[in-house]
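One structure is given below, encoded as structure tokens.
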Amino acid sequence: MQLQMEDIGAGTIPGLASANTRGNPMGATELSALLWREREWLELLVFKLEVQQLLLTAGRSRWVERSSREVEHVVRSLREASLARTLESEALAEEWGLPADATLRDLADVKNQPTWSDLLSSHLRALVELADQVAQLRASNEQLLRSSLRSTQETIADHQPPATRRDGDVARFLDEDL
């Protein structure tokens, strides 16, 4: 789904469908709901990356491209959810007397909102943990892909006639591709 600038204020971004069109903030309840949605997208991304990792370790290269497309779809959806959360965070920050660019941590640190502070802190911890898992899986999958590519290129080089093969070609091609 492509977001257009006119969509931002019109309440048509996923997760913002219930936004008041007069520009009134939806509040902490809606921010919490958006944070849950973002957490769900991150959990799905962790799942998709783990599936991709299993495919790579099992040598099931036939499905890696499809898995990559699924990861890309989840990342796009996660970006949209993040945008919705950012817009709502800005509105809530202003409602609570904070600068519009206040972070989720800033919102969680508001002393006169103890219930929301605890809930937003919980969301923040979960988001950080999920983001760490995504980073670890991404790095691991990238390493597996590099190893697979190097192995494939070495196999191809081993099957070339000796007159056409030059030492270092495989490593050079791998470095150029990456």
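To be explicit about the labels: the chains of the structure tokens are called A, B, and onward in the order shown, and within each one the residues are counted from 1, while ligands get numbers from 1 in the order they are shown.
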Contacts of A:Gly27 within 8 Å, only C-alpha atoms, excl. fewer than 5 positions in-chain, as a list in words: Glu88, Ala91 and Leu92 of chain A
May I have the selected residues written with C-alpha atoms, as a compact mmCIF listing (two decimals), in the first residue's frame?
```txt
# COMPACT_ATOMS: atom_id res chain seq x y z
CA GLU A 88 -0.17 9.40 17.28
CA ALA A 91 -0.38 14.17 19.07
CA LEU A 92 -0.20 12.56 22.51
```
Which of stretch 99-146 of chain A DSSP labels helix (DSSP H, G or I), written as a ChimeraX atom specification: /A:104-108,114-146
Selection near stretch 51-64 of chain A, 9 Å with only C-alpha atoms, sequence-local residues under 3 positions removed, as a ChimeraX atom specification: /A:46-48,67-69,71,137-138,140-141,144-145,148
For those residues, write C-alpha atoms to a file as a PDB file, in the first residue's frame.
```pdb
ATOM      1  CA  VAL A  46      10.814 -12.453  13.631  1.00  0.00           C
ATOM      2  CA  PHE A  47       8.800 -15.482  12.496  1.00  0.00           C
ATOM      3  CA  LYS A  48       9.423 -14.793   8.784  1.00  0.00           C
ATOM      4  CA  SER A  67      10.562 -15.982   1.845  1.00  0.00           C
ATOM      5  CA  SER A  68      12.399 -12.754   1.045  1.00  0.00           C
ATOM      6  CA  ARG A  69       9.285 -11.310  -0.595  1.00  0.00           C
ATOM      7  CA  VAL A  71       9.868 -10.479   4.712  1.00  0.00           C
ATOM      8  CA  LEU A 137      18.235 -12.858  12.730  1.00  0.00           C
ATOM      9  CA  ARG A 138      18.930 -10.450   9.906  1.00  0.00           C
ATOM     10  CA  SER A 140      22.604 -14.373  10.802  1.00  0.00           C
ATOM     11  CA  ASN A 141      20.577 -14.735   7.605  1.00  0.00           C
ATOM     12  CA  LEU A 144      24.107 -17.622   5.667  1.00  0.00           C
ATOM     13  CA  LEU A 145      23.315 -15.987   2.316  1.00  0.00           C
ATOM     14  CA  SER A 148      25.673 -19.912   0.253  1.00  0.00           C
TER      15      SER A 148
END
```
Could you name the residues that touch stretch 127-130 of chain A at 9 Å or less, counting only C-alpha atoms, but leaving out those on the same chain fewer than 3 positions away, as an mmCIF file with N, CA and C atoms, in the first residue's frame?
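Produced file around-v6.cif, reproduced below:
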```cif
data_model
loop_
_atom_site.group_PDB
_atom_site.id
_atom_site.type_symbol
_atom_site.label_atom_id
_atom_site.label_comp_id
_atom_site.auth_asym_id
_atom_site.auth_seq_id
_atom_site.Cartn_x
_atom_site.Cartn_y
_atom_site.Cartn_z
ATOM 1 N N LEU A 35 0.785 0.558 19.279
ATOM 2 C CA LEU A 35 2.009 -0.117 19.734
ATOM 3 C C LEU A 35 1.813 -1.626 19.734
ATOM 4 N N GLU A 38 2.135 -2.695 16.180
ATOM 5 C CA GLU A 38 3.546 -2.685 15.766
ATOM 6 C C GLU A 38 4.287 -3.890 16.344
ATOM 7 N N ARG A 39 3.991 -4.226 17.585
ATOM 8 C CA ARG A 39 4.605 -5.412 18.198
ATOM 9 C C ARG A 39 4.212 -6.674 17.433
ATOM 10 N N LEU A 42 6.250 -6.834 14.330
ATOM 11 C CA LEU A 42 7.626 -7.240 14.645
ATOM 12 C C LEU A 42 7.706 -8.731 14.957
ATOM 13 N N GLU A 43 6.727 -9.258 15.680
ATOM 14 C CA GLU A 43 6.710 -10.702 15.964
ATOM 15 C C GLU A 43 6.572 -11.498 14.672
ATOM 16 N N VAL A 46 9.930 -11.470 12.998
ATOM 17 C CA VAL A 46 10.814 -12.453 13.631
ATOM 18 C C VAL A 46 10.495 -13.850 13.088
ATOM 19 N N SER A 122 6.342 -0.772 29.217
ATOM 20 C CA SER A 122 6.236 -2.189 28.847
ATOM 21 C C SER A 122 6.300 -2.355 27.330
ATOM 22 N N HIS A 123 5.571 -1.508 26.612
ATOM 23 C CA HIS A 123 5.620 -1.551 25.145
ATOM 24 C C HIS A 123 7.043 -1.282 24.657
ATOM 25 N N LEU A 124 7.684 -0.295 25.242
ATOM 26 C CA LEU A 124 9.040 0.065 24.823
ATOM 27 C C LEU A 124 10.004 -1.102 25.017
ATOM 28 N N GLN A 133 15.946 -8.967 18.351
ATOM 29 C CA GLN A 133 15.799 -10.288 17.717
ATOM 30 C C GLN A 133 15.854 -10.161 16.202
ATOM 31 N N VAL A 134 15.178 -9.149 15.673
ATOM 32 C CA VAL A 134 15.187 -8.922 14.225
ATOM 33 C C VAL A 134 16.609 -8.658 13.751
ATOM 34 N N ALA A 135 17.343 -7.814 14.461
ATOM 35 C CA ALA A 135 18.720 -7.486 14.066
ATOM 36 C C ALA A 135 19.608 -8.733 14.080
#
```
Within 9 Å of stretch 101-116 of chain A using only C-alpha atoms, minus same-chain residues under 4 positions, as a PyMOL selection string: chain A and resi 28-29+32+86+89-90+92-94+96+120-124
Pairwise distance for atom CA of A:Ser147 and atom CA of A:Val75, rounded to one decimal in Å: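 It comes out at 24.1 Å.
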Nearest to A:Ser77 by atom-to-atom distance, counting only C-alpha atoms, from A:Glu95, A:Leu44, A:Ala100, A:His159: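 Closest residue, counting only C-alpha atoms: A:Leu44.
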